[in-house]
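What follows is the content of my_file-v7.txt (compact mmCIF, C-alpha atoms).
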```txt
# COMPACT_ATOMS: atom_id res chain seq x y z
CA MET A 1 24.16 48.66 153.50
CA ASN A 2 27.09 46.37 152.79
CA ASP A 3 30.25 46.94 154.75
CA HIS A 4 33.18 47.63 152.45
CA GLU A 5 35.74 48.34 155.13
CA GLU A 6 38.23 46.00 153.49
CA PHE A 7 38.04 48.02 150.25
CA ASP A 8 38.92 51.21 152.12
CA ASP A 9 41.95 49.36 153.49
CA ILE A 10 43.55 49.16 150.03
CA PRO A 11 45.88 52.14 149.60
CA GLY A 12 45.14 54.65 146.84
CA THR A 13 42.22 52.69 145.43
CA THR A 14 38.50 53.32 145.06
CA VAL A 15 36.37 50.27 144.36
CA PHE A 16 33.45 51.07 142.06
CA THR A 17 30.55 49.62 144.03
CA THR A 18 26.82 49.72 143.27
CA GLN A 19 26.53 52.66 145.70
CA ARG A 20 29.22 54.61 143.85
CA SER A 21 27.52 53.76 140.60
CA ARG A 22 24.38 55.49 141.95
CA GLN A 23 26.42 58.46 143.16
CA GLY A 24 28.20 58.88 139.85
CA PHE A 25 25.38 57.96 137.48
CA GLN A 26 24.94 61.37 135.81
CA LEU A 27 28.68 62.05 135.69
CA ASN A 28 29.30 58.70 134.01
CA GLN A 29 26.37 59.16 131.61
CA PHE A 30 27.84 62.53 130.63
CA CYS A 31 31.12 60.74 129.87
CA MET A 32 29.31 58.24 127.65
CA SER A 33 27.83 61.11 125.64
CA LEU A 34 31.37 61.92 124.45
CA MET A 35 31.34 58.80 122.32
CA LYS A 36 29.54 60.87 119.66
CA PRO A 37 31.76 63.23 117.63
CA GLU A 38 29.12 65.97 117.59
CA ASN A 39 28.96 65.91 121.39
CA ARG A 40 32.75 66.06 121.64
CA GLU A 41 32.64 69.15 119.43
CA ARG A 42 30.00 70.81 121.58
CA PHE A 43 31.86 69.93 124.78
CA ARG A 44 35.14 71.32 123.42
CA ALA A 45 33.42 74.51 122.28
CA ASP A 46 32.05 75.34 125.75
CA GLU A 47 32.75 72.77 128.44
CA ARG A 48 30.82 74.51 131.20
CA ALA A 49 27.70 75.00 129.06
CA TYR A 50 27.79 71.37 127.97
CA LEU A 51 28.19 70.16 131.56
CA ASP A 52 25.29 72.37 132.65
CA GLU A 53 23.00 70.32 130.42
CA TRP A 54 23.55 67.40 132.79
CA PRO A 55 21.98 67.04 136.25
CA MET A 56 25.42 66.58 137.79
CA THR A 57 26.59 67.98 141.13
CA GLU A 58 28.76 71.09 141.11
CA ALA A 59 31.62 69.04 142.56
CA GLN A 60 31.36 66.60 139.66
CA LYS A 61 31.39 69.41 137.11
CA LEU A 62 34.40 71.09 138.74
CA ALA A 63 36.31 67.79 138.79
CA VAL A 64 35.70 67.41 135.05
CA LEU A 65 36.66 71.00 134.26
CA ALA A 66 39.89 70.62 136.26
CA ARG A 67 40.54 67.15 134.76
CA ASP A 68 41.08 66.08 138.37
CA TYR A 69 40.38 62.39 137.96
CA ASN A 70 40.93 61.52 141.62
CA ALA A 71 38.24 64.08 142.50
CA ALA A 72 35.98 62.72 139.76
CA ILE A 73 36.37 59.21 141.17
CA ALA A 74 35.60 60.50 144.67
CA GLU A 75 32.36 61.88 143.21
CA GLY A 76 31.34 58.51 141.78
CA GLY A 77 33.19 58.53 138.48
CA ASN A 78 34.50 55.29 137.05
CA ILE A 79 37.77 55.21 135.14
CA TYR A 80 36.36 53.48 132.05
CA PHE A 81 33.75 56.22 131.76
CA LEU A 82 36.21 59.01 132.57
CA ALA A 83 38.36 57.60 129.76
CA LYS A 84 35.94 59.21 127.30
CA ILE A 85 37.03 62.62 128.63
CA PHE A 86 40.74 62.06 128.20
CA ALA A 87 40.17 60.38 124.84
CA THR A 88 38.35 63.57 123.82
CA ASP A 89 41.39 65.52 125.04
CA GLY A 90 43.70 63.32 122.98
CA GLN A 91 45.42 62.16 126.14
CA SER A 92 46.60 58.56 126.55
CA PHE A 93 45.43 56.23 129.30
CA GLN A 94 48.97 56.24 130.64
CA GLN A 95 49.08 60.04 130.87
CA ALA A 96 45.70 60.09 132.61
CA ALA A 97 46.74 57.36 135.04
CA ALA A 98 49.97 59.21 135.80
CA SER A 99 48.00 62.35 136.62
CA MET A 100 46.33 60.50 139.50
CA THR A 101 49.57 59.36 141.12
CA GLY A 102 51.31 62.64 141.85
CA MET A 103 54.09 61.65 139.44
CA THR A 104 54.95 63.37 136.19
CA SER A 105 54.10 61.50 132.98
CA ASP A 106 57.81 60.81 132.45
CA GLU A 107 58.34 59.48 135.98
CA TYR A 108 55.29 57.27 135.66
CA ALA A 109 56.33 55.97 132.22
CA ALA A 110 59.78 55.15 133.63
CA MET A 111 58.18 53.29 136.55
CA MET A 112 56.10 51.21 134.13
CA LEU A 113 59.15 50.45 131.98
CA SER A 114 60.99 49.17 135.02
CA GLY A 115 58.22 46.70 135.84
CA GLY A 116 55.46 48.87 137.30
CA ARG A 117 54.53 49.78 140.85
CA SER A 118 55.50 47.03 143.27
CA PRO A 119 52.66 45.57 145.34
CA GLU A 120 54.92 45.65 148.42
CA GLY A 121 53.31 47.88 151.04
CA GLN A 122 50.40 48.57 148.66
CA ARG A 123 48.06 45.76 149.69
CA SER A 124 46.71 46.82 153.07
CA ILE A 125 46.95 49.98 155.11
CA LYS A 126 46.04 48.23 158.38
CA GLU A 127 48.44 45.36 157.97
CA GLY A 128 51.19 47.47 156.46
CA ARG A 129 51.92 44.91 153.76
CA MET B 1 28.97 18.26 116.19
CA ALA B 2 30.86 21.40 117.08
CA ARG B 3 34.26 20.82 118.67
CA ILE B 4 36.17 22.97 121.17
CA THR B 5 39.68 22.68 119.83
CA ALA B 6 41.60 25.24 121.90
CA GLY B 7 41.47 28.00 124.47
CA VAL B 8 43.28 31.31 124.15
CA ALA B 9 43.82 33.86 126.89
CA THR B 10 45.12 37.32 126.20
CA SER B 11 45.15 40.82 127.63
CA HIS B 12 43.21 43.40 125.63
CA VAL B 13 44.96 46.69 126.47
CA PRO B 14 43.54 49.52 124.30
CA ALA B 15 47.00 51.01 123.66
CA ILE B 16 47.94 47.81 121.81
CA GLY B 17 45.16 48.50 119.32
CA ALA B 18 46.23 52.11 119.00
CA ALA B 19 49.87 51.10 118.43
CA LEU B 20 48.84 48.77 115.61
CA ASP B 21 46.36 51.21 114.07
CA LEU B 22 48.91 54.03 114.09
CA GLY B 23 51.67 51.87 112.59
CA LYS B 24 53.86 51.85 115.71
CA SER B 25 54.05 48.08 116.21
CA GLY B 26 57.70 48.01 115.13
CA SER B 27 58.84 50.64 117.64
CA ASP B 28 61.31 49.80 120.43
CA TYR B 29 58.47 50.04 122.92
CA TRP B 30 55.94 47.83 121.12
CA GLN B 31 57.98 45.34 119.12
CA PRO B 32 58.76 42.99 122.04
CA LEU B 33 55.05 42.74 122.73
CA PHE B 34 54.01 41.99 119.16
CA ASP B 35 56.91 39.52 118.79
CA GLY B 36 55.32 37.58 121.64
CA TYR B 37 52.32 36.87 119.42
CA ASP B 38 54.23 35.70 116.32
CA TRP B 39 54.03 32.06 117.37
CA SER B 40 50.31 32.43 118.05
CA LYS B 41 49.60 34.00 114.67
CA ALA B 42 51.40 31.16 112.88
CA TRP B 43 49.59 28.62 115.06
CA ILE B 44 46.12 30.00 114.46
CA ALA B 45 46.74 30.29 110.70
CA LYS B 46 47.13 26.51 110.73
CA GLU B 47 44.31 25.83 113.18
CA LYS B 48 41.77 27.82 111.13
CA PRO B 49 38.95 27.99 113.68
CA ASP B 50 35.48 28.60 112.25
CA VAL B 51 34.19 30.41 115.31
CA VAL B 52 35.65 32.08 118.36
CA VAL B 53 33.47 32.34 121.45
CA LEU B 54 35.10 35.47 122.78
CA ILE B 55 34.77 36.27 126.49
CA TYR B 56 35.49 39.92 127.12
CA ASN B 57 34.22 42.94 128.95
CA ASP B 58 32.69 46.07 127.59
CA HIS B 59 34.44 49.23 128.83
CA ALA B 60 31.51 51.62 129.09
CA SER B 61 30.99 51.47 125.32
CA ALA B 62 27.92 49.33 124.56
CA PHE B 63 26.65 49.31 128.15
CA SER B 64 26.24 52.50 130.13
CA LEU B 65 25.25 52.36 133.79
CA ALA B 66 21.61 52.51 132.67
CA VAL B 67 21.68 48.74 132.17
CA LEU B 68 24.67 46.65 133.18
CA PRO B 69 24.33 42.91 132.57
CA THR B 70 26.53 40.52 134.54
CA PHE B 71 26.70 37.98 131.71
CA ALA B 72 25.49 38.85 128.21
CA ILE B 73 25.69 37.01 124.90
CA GLY B 74 25.59 38.48 121.41
CA CYS B 75 23.20 36.80 118.99
CA ALA B 76 23.56 39.37 116.20
CA GLU B 77 24.67 38.82 112.61
CA SER B 78 27.37 41.47 113.00
CA TYR B 79 28.81 44.02 115.41
CA ALA B 80 29.95 47.53 114.54
CA ILE B 81 33.14 48.93 116.07
CA ALA B 82 32.54 51.31 119.00
CA ASP B 83 33.70 54.93 119.05
CA GLU B 84 35.44 55.08 122.44
CA GLY B 85 36.05 58.81 122.29
CA PHE B 86 38.59 59.03 119.46
CA GLY B 87 36.61 57.50 116.59
CA PRO B 88 36.13 53.78 115.93
CA ARG B 89 39.26 51.62 115.49
CA PRO B 90 39.95 51.13 111.75
CA VAL B 91 39.34 47.39 111.88
CA PRO B 92 36.80 45.22 110.02
CA GLU B 93 33.35 44.82 111.50
CA VAL B 94 32.93 41.69 113.55
CA ILE B 95 30.76 38.98 112.01
CA GLY B 96 28.71 36.91 114.43
CA HIS B 97 27.54 33.34 114.25
CA ALA B 98 23.94 34.04 115.14
CA ASP B 99 22.71 30.48 114.89
CA LEU B 100 25.38 29.05 117.19
CA ALA B 101 24.89 32.00 119.54
CA CYS B 102 21.14 31.32 119.78
CA HIS B 103 21.84 27.66 120.48
CA ILE B 104 24.37 28.54 123.20
CA THR B 105 21.95 31.05 124.71
CA GLU B 106 19.16 28.50 125.01
CA SER B 107 21.47 25.86 126.39
CA LEU B 108 23.01 28.22 128.99
CA ILE B 109 19.70 29.59 130.22
CA LEU B 110 18.12 26.15 130.49
CA ASP B 111 21.28 25.21 132.40
CA GLU B 112 20.34 28.05 134.81
CA PHE B 113 22.81 30.70 133.64
CA ASP B 114 20.49 33.67 133.14
CA MET B 115 22.19 35.36 130.21
CA THR B 116 21.19 38.78 128.93
CA ILE B 117 20.42 38.43 125.23
CA ILE B 118 21.83 41.03 122.86
CA ASN B 119 20.70 41.50 119.28
CA GLU B 120 22.44 44.78 118.65
CA MET B 121 25.61 46.25 120.11
CA THR B 122 28.93 47.79 119.26
CA VAL B 123 32.16 46.13 120.36
CA ASP B 124 35.14 47.95 121.85
CA HIS B 125 38.84 47.26 122.34
CA GLY B 126 38.02 44.48 124.80
CA LEU B 127 36.92 42.37 121.84
CA THR B 128 38.86 43.83 118.92
CA VAL B 129 42.37 43.97 120.43
CA PRO B 130 42.49 40.18 120.97
CA LEU B 131 41.42 39.71 117.32
CA SER B 132 44.18 42.10 116.22
CA LEU B 133 46.79 40.31 118.33
CA MET B 134 45.88 36.91 116.95
CA PHE B 135 45.13 37.83 113.32
CA GLY B 136 47.04 41.04 112.65
CA GLN B 137 45.45 43.48 110.21
CA PRO B 138 43.36 41.51 107.68
CA GLN B 139 40.72 43.02 105.35
CA ALA B 140 38.11 40.87 107.08
CA TRP B 141 38.38 38.80 110.28
CA PRO B 142 38.93 35.16 109.31
CA VAL B 143 36.53 33.88 112.01
CA LYS B 144 32.97 34.38 113.14
CA VAL B 145 32.62 35.55 116.70
CA VAL B 146 30.13 34.84 119.45
CA PRO B 147 30.72 37.58 122.01
CA ILE B 148 30.09 36.93 125.69
CA ALA B 149 30.35 40.10 127.75
CA VAL B 150 31.05 39.97 131.49
CA ASN B 151 30.61 42.82 133.93
CA VAL B 152 34.02 43.45 135.46
CA VAL B 153 33.50 47.22 135.73
CA GLU B 154 31.18 47.49 138.72
CA TYR B 155 31.51 45.55 141.97
CA PRO B 156 30.38 42.88 142.55
CA GLN B 157 31.72 41.18 139.48
CA PRO B 158 30.68 37.51 139.17
CA THR B 159 32.77 35.22 141.36
CA GLY B 160 35.61 33.17 139.94
CA ASN B 161 33.61 30.06 140.72
CA ARG B 162 30.58 31.32 138.80
CA CYS B 163 32.80 32.13 135.83
CA PHE B 164 34.36 28.67 135.90
CA GLU B 165 30.92 27.04 136.12
CA LEU B 166 29.69 29.18 133.22
CA GLY B 167 32.64 27.87 131.23
CA LYS B 168 31.57 24.31 131.96
CA ALA B 169 28.01 25.07 130.80
CA LEU B 170 29.44 26.74 127.72
CA ARG B 171 31.38 23.55 126.94
CA LYS B 172 28.16 21.53 127.04
CA ALA B 173 26.37 24.15 124.92
CA ILE B 174 29.00 24.31 122.18
CA ARG B 175 29.50 20.56 121.97
CA SER B 176 25.78 19.95 121.54
CA TYR B 177 25.56 22.15 118.43
CA ASP B 178 24.65 20.04 115.46
CA GLU B 179 27.21 21.19 112.91
CA ASP B 180 30.84 20.29 112.52
CA LEU B 181 32.50 23.51 113.59
CA ASN B 182 36.02 24.16 114.84
CA VAL B 183 35.39 26.40 117.86
CA GLN B 184 37.91 28.15 120.05
CA VAL B 185 37.06 29.81 123.35
CA TRP B 186 39.00 32.93 124.26
CA GLY B 187 39.23 34.56 127.67
CA THR B 188 40.52 38.11 127.61
CA GLY B 189 41.58 40.94 129.92
CA GLY B 190 44.17 41.22 132.66
CA MET B 191 46.75 40.65 133.82
CA SER B 192 47.64 42.73 136.90
CA HIS B 193 46.90 46.41 136.41
CA GLN B 194 45.38 49.39 138.12
CA LEU B 195 44.23 52.35 136.07
CA GLN B 196 43.00 54.67 138.80
CA GLY B 197 43.99 56.53 141.93
CA PRO B 198 47.39 57.05 143.56
CA ARG B 199 48.09 53.29 143.32
CA ALA B 200 47.77 53.32 139.50
CA GLY B 201 50.53 51.40 137.73
CA LEU B 202 50.50 48.44 140.09
CA ILE B 203 51.97 45.29 138.54
CA ASN B 204 52.30 42.00 140.40
CA SER B 205 54.21 39.56 138.23
CA GLU B 206 54.41 36.98 141.00
CA PHE B 207 50.61 36.89 141.23
CA ASP B 208 50.33 36.78 137.44
CA HIS B 209 52.69 33.82 137.08
CA GLU B 210 50.92 31.91 139.82
CA PHE B 211 47.64 32.66 138.07
CA PHE B 212 49.01 31.18 134.83
CA ASP B 213 50.13 28.01 136.62
CA GLN B 214 46.92 27.50 138.55
CA LEU B 215 44.74 28.22 135.55
CA VAL B 216 46.48 25.41 133.69
CA LEU B 217 46.89 22.88 136.49
CA ASP B 218 44.56 23.68 139.33
CA PRO B 219 41.59 25.85 138.33
CA ASP B 220 39.54 24.33 141.17
CA THR B 221 41.76 26.19 143.64
CA LEU B 222 42.04 29.31 141.51
CA LYS B 223 38.27 29.70 141.12
CA LYS B 224 37.96 30.23 144.90
CA VAL B 225 40.14 33.37 144.94
CA PRO B 226 37.86 36.12 146.33
CA HIS B 227 37.39 39.61 144.92
CA ILE B 228 39.41 41.26 147.66
CA GLU B 229 42.49 39.23 146.78
CA TYR B 230 42.35 40.28 143.12
CA LEU B 231 41.86 43.88 144.22
CA ARG B 232 44.77 43.86 146.64
CA GLU B 233 47.18 41.74 144.62
CA ALA B 234 46.37 42.39 140.96
CA GLY B 235 45.06 45.97 141.09
CA SER B 236 41.52 47.27 140.80
CA GLU B 237 41.30 46.41 137.10
CA GLY B 238 43.22 43.12 137.40
CA ILE B 239 39.96 41.43 138.35
CA GLU B 240 39.36 41.09 134.59
CA MET B 241 41.31 37.85 134.92
CA ILE B 242 38.16 36.08 136.16
CA MET B 243 37.18 35.97 132.49
CA TRP B 244 40.05 33.57 131.82
CA LEU B 245 38.30 31.12 134.15
CA ILE B 246 35.30 30.94 131.79
CA MET B 247 37.62 29.89 128.97
CA ARG B 248 39.33 27.36 131.25
CA GLY B 249 36.00 25.90 132.37
CA ALA B 250 35.07 25.34 128.72
CA LEU B 251 38.16 23.21 128.04
CA GLY B 252 37.38 20.33 130.39
CA LYS B 253 39.35 18.83 133.24
CA LYS B 254 42.83 18.55 131.76
CA VAL B 255 44.59 20.80 129.31
CA LYS B 256 47.91 20.90 127.54
CA GLU B 257 49.74 24.22 127.55
CA LEU B 258 50.97 25.04 124.04
CA TYR B 259 52.26 28.56 124.53
CA ARG B 260 52.78 31.21 127.18
CA PHE B 261 53.91 34.82 126.96
CA TYR B 262 54.26 37.55 129.56
CA HIS B 263 55.34 41.13 129.03
CA VAL B 264 55.48 44.34 131.08
CA PRO B 265 54.44 47.00 130.28
CA ALA B 266 51.79 47.81 127.72
CA SER B 267 50.77 51.27 128.83
CA ASN B 268 49.62 50.62 132.45
CA THR B 269 49.28 46.87 132.19
CA ALA B 270 51.00 43.50 132.43
CA VAL B 271 50.24 41.54 129.27
CA GLY B 272 49.61 37.82 129.58
CA HIS B 273 48.89 35.32 126.86
CA LEU B 274 48.25 31.60 126.98
CA ILE B 275 47.22 28.96 124.46
CA LEU B 276 45.71 25.74 125.79
CA LYS B 277 44.46 22.57 124.19
CA PRO B 278 41.92 20.27 125.82
CA SER B 279 43.45 16.88 126.72
CA LYS B 280 41.53 13.77 125.86
```

Please lay out the structure from this file as structure tokens.
Amino acid sequence: MNDHEEFDDIPGTTVFTTQRSRQGFQLNQFCMSLMKPENRERFRADERAYLDEWPMTEAQKLAVLARDYNAAIAEGGNIYFLAKIFATDGQSFQQAAASMTGMTSDEYAAMMLSGGRSPEGQRSIKEGR
Amino acid sequence: MARITAGVATSHVPAIGAALDLGKSGSDYWQPLFDGYDWSKAWIAKEKPDVVVLIYNDHASAFSLAVLPTFAIGCAESYAIADEGFGPRPVPEVIGHADLACHITESLILDEFDMTIINEMTVDHGLTVPLSLMFGQPQAWPVKVVPIAVNVVEYPQPTGNRCFELGKALRKAIRSYDEDLNVQVWGTGGMSHQLQGPRAGLINSEFDHEFFDQLVLDPDTLKKVPHIEYLREAGSEGIEMIMWLIMRGALGKKVKELYRFYHVPASNTAVGHLILKPSK
């Protein structure tokens, strides 16, 4: 297996590798199904029942139900796929991104307006830069 | 023969499309961004390209993880607009140039770029937002489009060098097409942004500005930037910028910079825009 130690050294970041793509395949395929309005309707009507139609892990299903996107990513989710969930919820990409940072939507929006998150100290855990 | 008359680079943030579609482009938040494209809209109205070869990435719309091509080219007559979870964007369908696309496909594959061939697909904001930024809200898009989709979603994305080399092969392919066509090549995506995890919201304007400069003047150095540097410096989704290198490769050795625009933020993202002309 390839060594991705340098990816793990980037703070607060999960790189979507081929291995993660395997891990998250069913979760991400479920997300794709929400591109059809009839599936969005069925999902909204009974989220748990809809999720149970997919051979996903329990941890993946719970992450979706809780809209815990960090947990979903840890279970192999990819943000472009997960975007179908928050689009279904009528939530913006900015609100969803904020939810992963521990900031409120307002705090996050203010950070973006003032130029975004600085890369200082966010490049490497090991090197502290 | 077909001519490559210009290269355009632009971000393709989905929120830009939503702002336009929902009539919010004049708001305090969005107006500075759209103002940055006024010059470009006036420019392209005069340039009147026949075809845009549009380099973009699909965002889990046409391609699921069932099949994920690294480089794919659309040879269809037309492309429907994808429903990305909130209904399709209310924009015109995208008309292809199937004959040119088939010619490019043959040329690229015989040049050893093993393209995936697409005869049916939907296109998402990655392709439609650049059209909206450059053409506004017309009844029909005033150009035909040859879409080239690049995997930037799953690691490993193609290297910067491979993208640049693909651009060079694309130049040869377009210029050997036996019809007098005014062709532009667009590279989309970027600039620095991260959409996921606790580091979401990362913007690195220093990196972005250096990227602009090197893309124009020294792409041979820029093409060697490895994945890890994009990931660390430009955010996990900033790696989309490798697609700009395909456009740059298609323009030949020297280019003249006609226009540059940079704006933070559009939603989670730094927006970059560049118009280049090949130098003789």

Do me a favour and pick out the residues of chain B within 8 Å of chain A, using only C-alpha atoms, as a ChimeraX atom specification. /B:15,59-61,64-65,83-87,153-156,195-204,228,232-233,236,264-265,267-268

Separation of CA of Pro88 in chain B and CA of Tyr56 in chain B, in Å? 17.8 Å

Using all atoms listed in the file, which protein or nucleic acid residues come within 9 Å of Ala101 in chain B? Drop anything in the same chain fewer than 4 positions from it, and give the result as a PyMOL selection string. chain B and resi 53+73-76+96-97+105-106+145-147

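The protein and nucleic acid residues lying at most 12 Å from Glu210 in chain B are Met191, Ser192, Asn204, Ser205, Leu215, Val216, Leu217, Asp218, Pro219, Thr221, Leu222, Glu233, Ala234 and Gly272 of chain B, with only C-alpha atoms considered and sequence neighbours fewer than 5 positions away removed.
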
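The two atoms in question, CA of Gly17 in chain B and CA of Val129 in chain B, are spaced 5.4 Å apart.
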
Correct to one decimal, the distance CA of Thr122 in chain B-CA of Gly26 in chain B is 29.1 Å

Using all atoms listed in the file, find each residue of range 34-153 of chain B with at least one atom at most 8 Å away from an atom of range 157-168 of chain B; report its shortest atom-to-atom pair and that distance in Å (one decimal), sort the rows by chain and rising residue number, and return the result as JSON lines.
```
{"residue": "B:Thr70", "atom": "CA", "partner": "B:Pro158", "partner_atom": "CA", "distance": 6.9}
{"residue": "B:Leu108", "atom": "CA", "partner": "B:Leu166", "partner_atom": "CA", "distance": 8.0}
{"residue": "B:Phe113", "atom": "CA", "partner": "B:Leu166", "partner_atom": "CA", "distance": 7.1}
{"residue": "B:Asn151", "atom": "CA", "partner": "B:Gln157", "partner_atom": "CA", "distance": 5.9}
{"residue": "B:Val152", "atom": "CA", "partner": "B:Gln157", "partner_atom": "CA", "distance": 5.2}
{"residue": "B:Val153", "atom": "CA", "partner": "B:Gln157", "partner_atom": "CA", "distance": 7.3}
```

Neighbouring residues of Glu93 in chain B were defined as those with any atom within 9 Å, considering all atoms listed in the file; residues of the same chain fewer than 2 positions away were excluded. Please report them as a PyMOL selection string. chain B and resi 78-81+91+95+140-141

Restore N, CA and C atoms in range 72-97 of chain A and list the result as an mmCIF file, keeping the file's coordinate frame.
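Contents of the output file part_20.cif:
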```cif
data_model
loop_
_atom_site.group_PDB
_atom_site.id
_atom_site.type_symbol
_atom_site.label_atom_id
_atom_site.label_comp_id
_atom_site.auth_asym_id
_atom_site.auth_seq_id
_atom_site.Cartn_x
_atom_site.Cartn_y
_atom_site.Cartn_z
ATOM 1 N N ALA A 72 37.113 63.273 140.507
ATOM 2 C CA ALA A 72 35.980 62.720 139.760
ATOM 3 C C ALA A 72 35.610 61.332 140.294
ATOM 4 N N ILE A 73 36.629 60.545 140.621
ATOM 5 C CA ILE A 73 36.370 59.210 141.170
ATOM 6 C C ILE A 73 35.730 59.317 142.557
ATOM 7 N N ALA A 74 36.192 60.278 143.346
ATOM 8 C CA ALA A 74 35.600 60.500 144.670
ATOM 9 C C ALA A 74 34.125 60.884 144.558
ATOM 10 N N GLU A 75 33.759 61.471 143.435
ATOM 11 C CA GLU A 75 32.360 61.880 143.210
ATOM 12 C C GLU A 75 31.555 60.808 142.472
ATOM 13 N N GLY A 76 32.101 59.613 142.379
ATOM 14 C CA GLY A 76 31.340 58.510 141.780
ATOM 15 C C GLY A 76 31.729 58.180 140.352
ATOM 16 N N GLY A 77 32.748 58.836 139.839
ATOM 17 C CA GLY A 77 33.190 58.530 138.480
ATOM 18 C C GLY A 77 33.880 57.175 138.417
ATOM 19 N N ASN A 78 33.791 56.553 137.270
ATOM 20 C CA ASN A 78 34.500 55.290 137.050
ATOM 21 C C ASN A 78 35.501 55.507 135.917
ATOM 22 N N ILE A 79 36.666 54.910 136.050
ATOM 23 C CA ILE A 79 37.770 55.210 135.140
ATOM 24 C C ILE A 79 37.448 54.883 133.683
ATOM 25 N N TYR A 80 36.660 53.825 133.450
ATOM 26 C CA TYR A 80 36.360 53.480 132.050
ATOM 27 C C TYR A 80 35.421 54.507 131.418
ATOM 28 N N PHE A 81 34.612 55.151 132.258
ATOM 29 C CA PHE A 81 33.750 56.220 131.760
ATOM 30 C C PHE A 81 34.577 57.500 131.596
ATOM 31 N N LEU A 82 35.373 57.812 132.625
ATOM 32 C CA LEU A 82 36.210 59.010 132.570
ATOM 33 C C LEU A 82 37.162 58.963 131.365
ATOM 34 N N ALA A 83 37.475 57.758 130.923
ATOM 35 C CA ALA A 83 38.360 57.600 129.760
ATOM 36 C C ALA A 83 37.833 58.322 128.529
ATOM 37 N N LYS A 84 36.496 58.491 128.452
ATOM 38 C CA LYS A 84 35.940 59.210 127.300
ATOM 39 C C LYS A 84 36.366 60.679 127.322
ATOM 40 N N ILE A 85 36.587 61.220 128.528
ATOM 41 C CA ILE A 85 37.030 62.620 128.630
ATOM 42 C C ILE A 85 38.466 62.736 128.125
ATOM 43 N N PHE A 86 39.349 61.875 128.648
ATOM 44 C CA PHE A 86 40.740 62.060 128.200
ATOM 45 C C PHE A 86 40.963 61.583 126.770
ATOM 46 N N ALA A 87 40.102 60.706 126.281
ATOM 47 C CA ALA A 87 40.170 60.380 124.840
ATOM 48 C C ALA A 87 39.779 61.621 124.026
ATOM 49 N N THR A 88 38.770 62.328 124.487
ATOM 50 C CA THR A 88 38.350 63.570 123.820
ATOM 51 C C THR A 88 39.478 64.595 123.829
ATOM 52 N N ASP A 89 40.251 64.599 124.925
ATOM 53 C CA ASP A 89 41.390 65.520 125.040
ATOM 54 C C ASP A 89 42.599 65.067 124.226
ATOM 55 N N GLY A 90 42.539 63.852 123.693
ATOM 56 C CA GLY A 90 43.700 63.320 122.980
ATOM 57 C C GLY A 90 44.810 62.877 123.922
ATOM 58 N N GLN A 91 44.433 62.589 125.149
ATOM 59 C CA GLN A 91 45.420 62.160 126.140
ATOM 60 C C GLN A 91 45.393 60.623 126.218
ATOM 61 N N SER A 92 46.557 60.013 126.466
ATOM 62 C CA SER A 92 46.600 58.560 126.550
ATOM 63 C C SER A 92 46.155 58.095 127.936
ATOM 64 N N PHE A 93 45.813 56.816 128.015
ATOM 65 C CA PHE A 93 45.430 56.230 129.300
ATOM 66 C C PHE A 93 46.600 56.320 130.281
ATOM 67 N N GLN A 94 47.816 56.191 129.737
ATOM 68 C CA GLN A 94 48.970 56.240 130.640
ATOM 69 C C GLN A 94 49.153 57.649 131.218
ATOM 70 N N GLN A 95 48.964 58.654 130.372
ATOM 71 C CA GLN A 95 49.080 60.040 130.870
ATOM 72 C C GLN A 95 48.011 60.321 131.924
ATOM 73 N N ALA A 96 46.792 59.851 131.660
ATOM 74 C CA ALA A 96 45.700 60.090 132.610
ATOM 75 C C ALA A 96 45.959 59.360 133.919
ATOM 76 N N ALA A 97 46.444 58.120 133.824
ATOM 77 C CA ALA A 97 46.740 57.360 135.040
ATOM 78 C C ALA A 97 47.842 58.058 135.839
#
```
